[in-house]
file run07.cif (mmCIF, C-alpha atoms)
data_final
loop_
_atom_site.label_atom_id
_atom_site.label_comp_id
_atom_site.auth_asym_id
_atom_site.auth_seq_id
_atom_site.Cartn_x
_atom_site.Cartn_y
_atom_site.Cartn_z
CA MET P 1 -14.10 -27.30 -8.68
CA ASN P 2 -12.08 -24.05 -8.70
CA GLN P 3 -13.26 -23.32 -5.16
CA LEU P 4 -12.04 -26.76 -4.09
CA PHE P 5 -8.58 -26.12 -5.54
CA GLU P 6 -8.44 -22.70 -3.85
CA ALA P 7 -9.35 -24.26 -0.49
CA ILE P 8 -6.66 -26.90 -0.88
CA ASP P 9 -4.07 -24.31 -1.95
CA PHE P 10 -4.77 -21.93 0.96
CA VAL P 11 -2.59 -22.34 4.06
CA GLU P 12 -3.38 -20.26 7.12
CA ASN P 13 -0.47 -18.07 8.25
CA PRO P 14 -0.51 -17.58 12.05
CA VAL P 15 1.60 -14.39 11.90
CA TYR P 16 -0.70 -12.79 9.34
CA GLU P 17 -3.76 -13.97 11.24
CA GLY P 18 -2.36 -12.28 14.34
CA ILE P 19 -1.94 -9.02 12.42
CA ILE P 20 -5.52 -9.22 11.15
CA SER P 21 -6.86 -9.93 14.63
CA ASP P 22 -4.88 -7.08 16.20
CA ILE P 23 -5.94 -4.50 13.62
CA SER P 24 -9.59 -5.52 13.81
CA THR P 25 -9.64 -5.19 17.61
CA GLN P 26 -7.17 -2.38 18.38
CA GLN P 27 -6.29 -0.78 15.01
CA PHE P 28 -2.58 -1.65 15.24
CA SER P 29 -0.30 -4.64 15.42
CA ILE P 30 3.24 -5.08 16.74
CA VAL P 31 5.10 -8.03 15.22
CA GLU P 32 8.44 -9.32 16.45
CA ASN P 33 10.65 -11.15 13.94
CA PHE P 34 8.46 -10.41 10.92
CA PHE P 35 11.81 -10.41 9.13
CA THR P 36 14.58 -12.77 10.14
CA GLN P 37 17.69 -11.43 11.86
CA TYR P 38 19.58 -12.04 8.62
CA GLU P 39 17.01 -10.09 6.58
CA VAL P 40 17.09 -7.20 9.04
CA GLU P 41 20.87 -7.00 8.84
CA ILE P 42 21.05 -7.01 5.04
CA LEU P 43 18.30 -4.37 4.81
CA ARG P 44 20.20 -2.29 7.36
CA GLN P 45 23.38 -2.58 5.30
CA SER P 46 21.43 -1.68 2.15
CA LEU P 47 20.16 1.48 3.85
CA LEU P 48 23.62 2.46 5.11
CA ARG P 49 25.21 1.83 1.73
CA LYS P 50 22.70 4.05 -0.06
CA HIS P 51 23.13 6.72 2.60
CA GLU P 52 26.88 6.70 1.98
CA GLU P 53 26.10 7.30 -1.71
CA ASP P 54 24.37 10.54 -0.63
CA THR P 55 21.05 9.62 -2.25
CA PHE P 56 18.83 10.49 0.73
CA LYS P 57 16.95 13.79 0.95
CA LYS P 58 15.19 15.70 3.72
CA ALA P 59 11.66 14.42 4.21
CA ALA P 60 8.72 16.74 3.51
CA ILE P 61 5.18 17.37 4.65
CA GLY P 62 2.39 16.40 2.25
CA ASN P 63 2.25 14.06 -0.71
CA ARG P 64 4.50 14.20 -3.76
CA VAL P 65 2.21 16.76 -5.41
CA ASN P 66 2.51 19.22 -2.53
CA GLU P 67 5.72 18.82 -0.53
CA ASN P 68 7.20 21.25 1.95
CA ILE P 69 10.17 20.70 4.21
CA ILE P 70 9.29 21.90 7.70
CA LYS P 71 12.05 21.22 10.22
CA SER P 72 9.85 22.15 13.18
CA ILE P 73 7.53 19.22 12.35
CA ARG P 74 9.84 16.49 11.10
CA GLY P 75 13.57 15.99 10.67
CA ASP P 76 14.09 12.62 9.04
CA MET P 77 15.88 11.89 5.78
CA ILE P 78 14.36 9.46 3.28
CA LEU P 79 15.03 7.53 0.10
CA TRP P 80 12.09 6.08 -1.83
CA MET P 81 12.37 2.38 -2.71
CA ASN P 82 11.61 1.30 -6.27
CA GLU P 83 10.39 -2.29 -6.45
CA GLY P 84 11.02 -2.43 -10.19
CA GLN P 85 14.69 -1.62 -9.60
CA ALA P 86 15.10 -3.55 -6.34
CA ASP P 87 18.40 -5.32 -5.75
CA ALA P 88 18.54 -8.84 -4.33
CA HIS P 89 18.36 -7.58 -0.74
CA GLU P 90 15.38 -5.31 -1.36
CA LYS P 91 13.64 -8.07 -3.29
CA LEU P 92 13.55 -10.12 -0.07
CA PHE P 93 11.69 -7.23 1.54
CA PHE P 94 9.18 -6.80 -1.27
CA ASP P 95 8.59 -10.55 -1.59
CA LYS P 96 7.47 -10.69 2.03
CA ILE P 97 5.37 -7.54 1.71
CA ASN P 98 3.67 -8.90 -1.40
CA ASP P 99 2.96 -12.17 0.38
CA LEU P 100 1.30 -10.23 3.22
CA VAL P 101 -0.72 -8.13 0.77
CA ASP P 102 -1.92 -11.21 -1.09
CA TYR P 103 -2.99 -12.77 2.21
CA LEU P 104 -4.86 -9.66 3.36
CA ASN P 105 -6.66 -9.29 0.04
CA ARG P 106 -7.56 -12.95 -0.04
CA THR P 107 -8.81 -13.28 3.54
CA CYS P 108 -10.09 -9.78 4.34
CA PHE P 109 -10.94 -8.38 0.88
CA MET P 110 -9.01 -5.23 1.74
CA GLY P 111 -8.54 -4.17 -1.87
CA ILE P 112 -4.88 -3.24 -1.49
CA LEU P 113 -3.63 -2.49 -4.99
CA GLN P 114 -0.60 -0.28 -4.43
CA LYS P 115 2.23 0.20 -1.98
CA GLU P 116 4.98 2.72 -1.37
CA PHE P 117 8.02 2.41 0.87
CA HIS P 118 11.10 4.42 1.71
CA TYR P 119 14.21 4.08 3.82
CA ALA P 120 14.23 6.54 6.71
CA ILE P 121 17.03 7.93 8.87
CA TYR P 122 16.37 10.08 11.91
CA PRO P 123 19.62 11.82 12.87
CA GLU P 124 20.28 12.60 16.52
CA GLY P 125 17.98 15.34 17.77
CA THR P 126 15.27 14.90 15.13
CA PHE P 127 11.63 13.92 15.55
CA TYR P 128 8.25 13.86 13.77
CA LYS P 129 5.40 15.64 15.52
CA ARG P 130 1.92 14.18 15.92
CA HIS P 131 0.17 13.61 12.59
CA LEU P 132 -2.11 11.37 10.54
CA ASP P 133 -0.86 9.39 7.53
CA THR P 134 -3.44 10.68 5.07
CA PHE P 135 -3.90 13.77 2.93
CA GLN P 136 -6.82 16.04 2.08
CA ASN P 137 -6.44 15.28 -1.62
CA ASP P 138 -5.41 11.62 -1.32
CA ASP P 139 -6.96 9.10 1.07
CA ARG P 140 -5.67 5.89 -0.53
CA ARG P 141 -3.37 4.91 2.35
CA LYS P 142 -5.01 2.04 4.24
CA LEU P 143 -2.26 0.59 6.45
CA SER P 144 0.96 2.19 7.66
CA PHE P 145 3.98 -0.10 8.00
CA VAL P 146 7.26 0.48 9.87
CA CYS P 147 10.19 -1.95 10.09
CA TYR P 148 13.04 -0.94 12.41
CA LEU P 149 16.62 -1.54 11.27
CA ASN P 150 18.52 -0.31 14.32
CA GLU P 151 21.55 -2.11 15.71
CA ASP P 152 21.21 -4.96 18.17
CA GLY P 153 21.21 -3.76 21.75
CA TRP P 154 19.04 -0.71 21.07
CA LEU P 155 18.02 0.83 24.40
CA PRO P 156 14.87 2.79 25.33
CA GLU P 157 17.03 5.76 26.30
CA ASN P 158 18.15 6.01 22.67
CA GLY P 159 14.79 7.70 22.03
CA GLY P 160 12.93 7.70 18.75
CA GLU P 161 9.97 5.78 20.13
CA LEU P 162 6.75 5.68 18.12
CA VAL P 163 3.67 6.89 20.02
CA LEU P 164 0.21 5.87 18.81
CA TYR P 165 -2.72 7.90 20.09
CA LEU P 166 -5.63 5.57 20.79
CA ASN P 167 -9.25 6.17 21.73
CA GLU P 168 -10.37 3.72 24.38
CA ASN P 169 -13.93 4.14 25.63
CA GLY P 170 -13.90 7.82 24.76
CA GLN P 171 -10.57 8.44 26.51
CA GLU P 172 -7.33 9.13 24.67
CA THR P 173 -4.45 6.86 25.63
CA GLU P 174 -0.90 6.54 24.37
CA LYS P 175 0.80 3.39 23.14
CA VAL P 176 4.58 3.80 23.29
CA ILE P 177 6.53 1.50 20.95
CA TYR P 178 10.32 1.33 21.08
CA PRO P 179 12.17 0.88 17.76
CA PHE P 180 13.90 -2.39 18.57
CA PRO P 181 15.62 -4.02 15.56
CA GLY P 182 13.39 -6.35 13.55
CA ARG P 183 10.18 -5.06 15.13
CA VAL P 184 7.38 -4.27 12.68
CA VAL P 185 4.44 -2.00 13.46
CA ILE P 186 1.33 -1.93 11.28
CA PHE P 187 -1.59 0.42 11.95
CA GLU P 188 -4.59 2.04 10.30
CA SER P 189 -3.37 5.08 8.37
CA GLN P 190 -6.61 7.07 8.38
CA ILE P 191 -7.48 6.54 12.04
CA LEU P 192 -4.43 6.59 14.33
CA GLU P 193 -2.53 9.80 14.89
CA HIS P 194 1.07 9.18 15.91
CA GLU P 195 4.46 10.76 16.39
CA VAL P 196 8.16 9.93 16.62
CA LYS P 197 9.75 11.22 19.81
CA PRO P 198 13.15 12.98 19.68
CA VAL P 199 16.00 10.67 18.74
CA ASN P 200 19.11 10.47 20.92
CA THR P 201 20.89 7.92 18.70
CA GLU P 202 20.55 7.71 14.92
CA ARG P 203 17.37 5.72 14.13
CA LEU P 204 16.96 3.58 11.00
CA SER P 205 13.83 2.08 9.46
CA ILE P 206 11.81 1.26 6.39
CA THR P 207 8.45 3.02 6.38
CA GLY P 208 5.59 2.69 3.96
CA TRP P 209 1.92 2.32 3.19
CA LEU P 210 -0.42 -0.25 1.72
CA LYS P 211 -2.90 1.59 -0.46
CA THR P 212 -6.31 1.09 -2.01
CA ARG P 213 -7.33 2.48 -5.39
#
call {"tool": "encode", "arguments": {"input": "run07.cif", "output": "structure tokens"}}
result
Amino acid sequence: MNQLFEAIDFVENPVYEGIISDISTQQFSIVENFFTQYEVEILRQSLLRKHEEDTFKKAAIGNRVNENIIKSIRGDMILWMNEGQADAHEKLFFDKINDLVDYLNRTCFMGILQKEFHYAIYPEGTFYKRHLDTFQNDDRRKLSFVCYLNEDGWLPENGGELVLYLNENGQETEKVIYPFPGRVVIFESQILEHEVKPVNTERLSITGWLKTR
């Protein structure tokens, strides 16, 4: 009987199904309009407001146990998001993330139990060299997640594109992804090396990870 109720309650989500299909076949997914234009704008304003309050700090290399700021590798500034203290705008973000996590765990048995997200600002001239989103002493990150909060009309020449390094039939190829506003990129944290190319115009995003135990 419980299985019957679960089957009735479950509604397939085509956007989430597309993400699952993409990741299973190519290890990454690019989603347009994952957040509405309204949601993107209020998250952008939330980021800018907190930046004006001078609460951001220079990003570091390594996890929170072993952090070092290395300007030659990365130059972004970040502010960690606390779901327990989220305001109404941030709650919209976490509600959608939690809905995605519930769907992934229910349909793919991914075992995602934790998540961590931060606002990120790349000032003009900064970048993040090629790297992998996992650590020697912590391999819990399963999926990396980036949501771009740049202004409408963002142009490729503004820089700051994300480059994923793929292995296709034994040959390395590059997937270049421009940080257009509202675009979400999800990829396998422990498999795909990636980098952020130099930024010519200030670049805004929310970046984070879905984590297993």
call {"tool": "closest_residue", "arguments": {"input": "run07.cif", "among": "P:Glu32, P:Glu188, P:Glu172, P:Glu161", "to": "Asp133 (chain P)", "atoms": "all atoms listed in the file"}}
result
P:Glu188
call {"tool": "resolve_selection", "arguments": {"input": "run07.cif", "expression": "the PyMOL selection byres ((chain P and resi 159) around 8)", "output": "list of chain:residue names"}}
result
P:Leu155, P:Pro156, P:Glu157, P:Asn158, P:Gly160, P:Glu161, P:Tyr178, P:Lys197, P:Pro198, P:Val199, P:Asn200, P:Thr201
call {"tool": "resolve_selection", "arguments": {"input": "run07.cif", "expression": "the PyMOL selection byres ((chain P and resi 113) around 8)", "output": "PDB file with C-alpha atoms, in the frame of the given file"}}
result
ATOM      1  CA  GLY P 111      -8.540  -4.170  -1.870  1.00  0.00           C
ATOM      2  CA  ILE P 112      -4.880  -3.240  -1.490  1.00  0.00           C
ATOM      3  CA  GLN P 114      -0.600  -0.280  -4.430  1.00  0.00           C
ATOM      4  CA  LYS P 115       2.230   0.200  -1.980  1.00  0.00           C
ATOM      5  CA  LEU P 210      -0.420  -0.250   1.720  1.00  0.00           C
ATOM      6  CA  LYS P 211      -2.900   1.590  -0.460  1.00  0.00           C
ATOM      7  CA  THR P 212      -6.310   1.090  -2.010  1.00  0.00           C
ATOM      8  CA  ARG P 213      -7.330   2.480  -5.390  1.00  0.00           C
TER       9      ARG P 213
END
call {"tool": "closest_atom_pairs", "arguments": {"input": "run07.cif", "of": "region 30-103 of chain P", "to": "region 116-119 of chain P", "cutoff": "8 Å", "atoms": "all atoms listed in the file", "output": "Markdown table"}}
result
| residue | atom | partner | partner_atom | distance |
| --- | --- | --- | --- | --- |
| P:Leu47 | CA | P:Tyr119 | CA | 6.5 |
| P:Ile78 | CA | P:Tyr119 | CA | 5.4 |
| P:Leu79 | CA | P:Tyr119 | CA | 5.1 |
| P:Trp80 | CA | P:His118 | CA | 4.0 |
| P:Met81 | CA | P:His118 | CA | 5.0 |
call {"tool": "residues_around", "arguments": {"input": "run07.cif", "residues": "Leu43 (chain P)", "least_positions_apart": "3", "cutoff": "8 Å", "atoms": "only C-alpha atoms", "output": "list in words"}}
result
Glu39, Val40, Ser46, Leu47, His89, Glu90, Phe93 and Leu149 of chain P
call {"tool": "residues_around", "arguments": {"input": "run07.cif", "residues": "Gly18 (chain P)", "least_positions_apart": "2", "cutoff": "12 Å", "atoms": "only C-alpha atoms", "output": "list in words"}}
result
Glu12, Asn13, Pro14, Val15, Tyr16, Ile20, Ser21, Asp22, Ile23, Ser24, Thr25, Gln26, Phe28, Ser29, Ile30, Val31, Glu32, Phe34, Leu100, Leu104 and Ile186 of chain P
call {"tool": "atom_distance", "arguments": {"input": "run07.cif", "atom1": "CA of Val185 (chain P)", "atom2": "CA of Glu53 (chain P)"}}
result
28.0 Å
call {"tool": "resolve_selection", "arguments": {"input": "run07.cif", "expression": "the PyMOL selection byres ((chain P and resi 189) around 12)", "output": "count of residues only"}}
result
32
call {"tool": "atom_distance", "arguments": {"input": "run07.cif", "atom1": "CA of Gly75 (chain P)", "atom2": "CA of Phe127 (chain P)"}}
result
5.6 Å
call {"tool": "atom_distance", "arguments": {"input": "run07.cif", "atom1": "CA of Val184 (chain P)", "atom2": "CA of Asn33 (chain P)"}}
result
7.7 Å
call {"tool": "closest_residue", "arguments": {"input": "run07.cif", "among": "P:Phe109, P:Trp154, P:Phe35, P:Tyr148", "to": "Ser205 (chain P)", "atoms": "all atoms listed in the file"}}
result
P:Tyr148
call {"tool": "closest_residue", "arguments": {"input": "run07.cif", "among": "P:Leu162, P:Lys50, P:Arg74, P:Glu124", "to": "Cys147 (chain P)", "atoms": "all atoms listed in the file"}}
result
P:Leu162
call {"tool": "closest_residue", "arguments": {"input": "run07.cif", "among": "P:Asp54, P:Glu41, P:Glu195, P:Glu17", "to": "Lys129 (chain P)", "atoms": "all atoms listed in the file"}}
result
P:Glu195
call {"tool": "build_atoms", "arguments": {"input": "run07.cif", "residues": "region 90-114 of chain P", "atoms": "N, CA and C atoms", "output": "PDB file, in the coordinates of the input"}}
result
ATOM      1  N   GLU P  90      16.696  -5.947  -1.408  1.00  0.00           N
ATOM      2  CA  GLU P  90      15.380  -5.310  -1.360  1.00  0.00           C
ATOM      3  C   GLU P  90      14.290  -6.233  -1.874  1.00  0.00           C
ATOM      4  N   LYS P  91      14.629  -7.125  -2.768  1.00  0.00           N
ATOM      5  CA  LYS P  91      13.640  -8.070  -3.290  1.00  0.00           C
ATOM      6  C   LYS P  91      13.127  -8.974  -2.169  1.00  0.00           C
ATOM      7  N   LEU P  92      13.995  -9.338  -1.223  1.00  0.00           N
ATOM      8  CA  LEU P  92      13.550 -10.120  -0.070  1.00  0.00           C
ATOM      9  C   LEU P  92      12.473  -9.362   0.698  1.00  0.00           C
ATOM     10  N   PHE P  93      12.668  -8.067   0.845  1.00  0.00           N
ATOM     11  CA  PHE P  93      11.690  -7.230   1.540  1.00  0.00           C
ATOM     12  C   PHE P  93      10.367  -7.220   0.790  1.00  0.00           C
ATOM     13  N   PHE P  94      10.418  -6.910  -0.505  1.00  0.00           N
ATOM     14  CA  PHE P  94       9.180  -6.800  -1.270  1.00  0.00           C
ATOM     15  C   PHE P  94       8.477  -8.142  -1.434  1.00  0.00           C
ATOM     16  N   ASP P  95       9.221  -9.227  -1.501  1.00  0.00           N
ATOM     17  CA  ASP P  95       8.590 -10.550  -1.590  1.00  0.00           C
ATOM     18  C   ASP P  95       7.721 -10.813  -0.362  1.00  0.00           C
ATOM     19  N   LYS P  96       8.245 -10.456   0.803  1.00  0.00           N
ATOM     20  CA  LYS P  96       7.470 -10.690   2.030  1.00  0.00           C
ATOM     21  C   LYS P  96       6.279  -9.746   2.122  1.00  0.00           C
ATOM     22  N   ILE P  97       6.475  -8.497   1.711  1.00  0.00           N
ATOM     23  CA  ILE P  97       5.370  -7.540   1.710  1.00  0.00           C
ATOM     24  C   ILE P  97       4.271  -7.998   0.752  1.00  0.00           C
ATOM     25  N   ASN P  98       4.657  -8.449  -0.423  1.00  0.00           N
ATOM     26  CA  ASN P  98       3.670  -8.900  -1.400  1.00  0.00           C
ATOM     27  C   ASN P  98       2.922 -10.129  -0.901  1.00  0.00           C
ATOM     28  N   ASP P  99       3.612 -10.989  -0.179  1.00  0.00           N
ATOM     29  CA  ASP P  99       2.960 -12.170   0.380  1.00  0.00           C
ATOM     30  C   ASP P  99       1.912 -11.736   1.415  1.00  0.00           C
ATOM     31  N   LEU P 100       2.249 -10.749   2.245  1.00  0.00           N
ATOM     32  CA  LEU P 100       1.300 -10.230   3.220  1.00  0.00           C
ATOM     33  C   LEU P 100       0.098  -9.591   2.522  1.00  0.00           C
ATOM     34  N   VAL P 101       0.363  -8.792   1.500  1.00  0.00           N
ATOM     35  CA  VAL P 101      -0.720  -8.130   0.770  1.00  0.00           C
ATOM     36  C   VAL P 101      -1.659  -9.152   0.144  1.00  0.00           C
ATOM     37  N   ASP P 102      -1.092 -10.166  -0.485  1.00  0.00           N
ATOM     38  CA  ASP P 102      -1.920 -11.210  -1.090  1.00  0.00           C
ATOM     39  C   ASP P 102      -2.804 -11.883  -0.045  1.00  0.00           C
ATOM     40  N   TYR P 103      -2.239 -12.117   1.137  1.00  0.00           N
ATOM     41  CA  TYR P 103      -2.990 -12.770   2.210  1.00  0.00           C
ATOM     42  C   TYR P 103      -4.131 -11.871   2.697  1.00  0.00           C
ATOM     43  N   LEU P 104      -3.835 -10.594   2.900  1.00  0.00           N
ATOM     44  CA  LEU P 104      -4.860  -9.660   3.360  1.00  0.00           C
ATOM     45  C   LEU P 104      -5.987  -9.525   2.349  1.00  0.00           C
ATOM     46  N   ASN P 105      -5.636  -9.427   1.080  1.00  0.00           N
ATOM     47  CA  ASN P 105      -6.660  -9.290   0.040  1.00  0.00           C
ATOM     48  C   ASN P 105      -7.497 -10.557  -0.080  1.00  0.00           C
ATOM     49  N   ARG P 106      -6.862 -11.678   0.118  1.00  0.00           N
ATOM     50  CA  ARG P 106      -7.560 -12.950  -0.040  1.00  0.00           C
ATOM     51  C   ARG P 106      -8.471 -13.261   1.143  1.00  0.00           C
ATOM     52  N   THR P 107      -8.038 -12.915   2.341  1.00  0.00           N
ATOM     53  CA  THR P 107      -8.810 -13.280   3.540  1.00  0.00           C
ATOM     54  C   THR P 107      -9.710 -12.158   4.029  1.00  0.00           C
ATOM     55  N   CYS P 108      -9.326 -10.915   3.786  1.00  0.00           N
ATOM     56  CA  CYS P 108     -10.090  -9.780   4.340  1.00  0.00           C
ATOM     57  C   CYS P 108     -10.704  -8.889   3.263  1.00  0.00           C
ATOM     58  N   PHE P 109     -10.405  -9.178   1.995  1.00  0.00           N
ATOM     59  CA  PHE P 109     -10.940  -8.380   0.880  1.00  0.00           C
ATOM     60  C   PHE P 109     -10.640  -6.899   1.086  1.00  0.00           C
ATOM     61  N   MET P 110      -9.388  -6.595   1.421  1.00  0.00           N
ATOM     62  CA  MET P 110      -9.010  -5.230   1.740  1.00  0.00           C
ATOM     63  C   MET P 110      -8.833  -4.352   0.512  1.00  0.00           C
ATOM     64  N   GLY P 111      -8.658  -4.953  -0.646  1.00  0.00           N
ATOM     65  CA  GLY P 111      -8.540  -4.170  -1.870  1.00  0.00           C
ATOM     66  C   GLY P 111      -7.248  -3.376  -1.959  1.00  0.00           C
ATOM     67  N   ILE P 112      -6.171  -3.912  -1.394  1.00  0.00           N
ATOM     68  CA  ILE P 112      -4.880  -3.240  -1.490  1.00  0.00           C
ATOM     69  C   ILE P 112      -4.294  -3.479  -2.875  1.00  0.00           C
ATOM     70  N   LEU P 113      -4.093  -2.395  -3.604  1.00  0.00           N
ATOM     71  CA  LEU P 113      -3.630  -2.490  -4.990  1.00  0.00           C
ATOM     72  C   LEU P 113      -2.278  -1.837  -5.205  1.00  0.00           C
ATOM     73  N   GLN P 114      -1.859  -1.006  -4.276  1.00  0.00           N
ATOM     74  CA  GLN P 114      -0.600  -0.280  -4.430  1.00  0.00           C
ATOM     75  C   GLN P 114       0.140  -0.252  -3.101  1.00  0.00           C
TER      76      GLN P 114
END
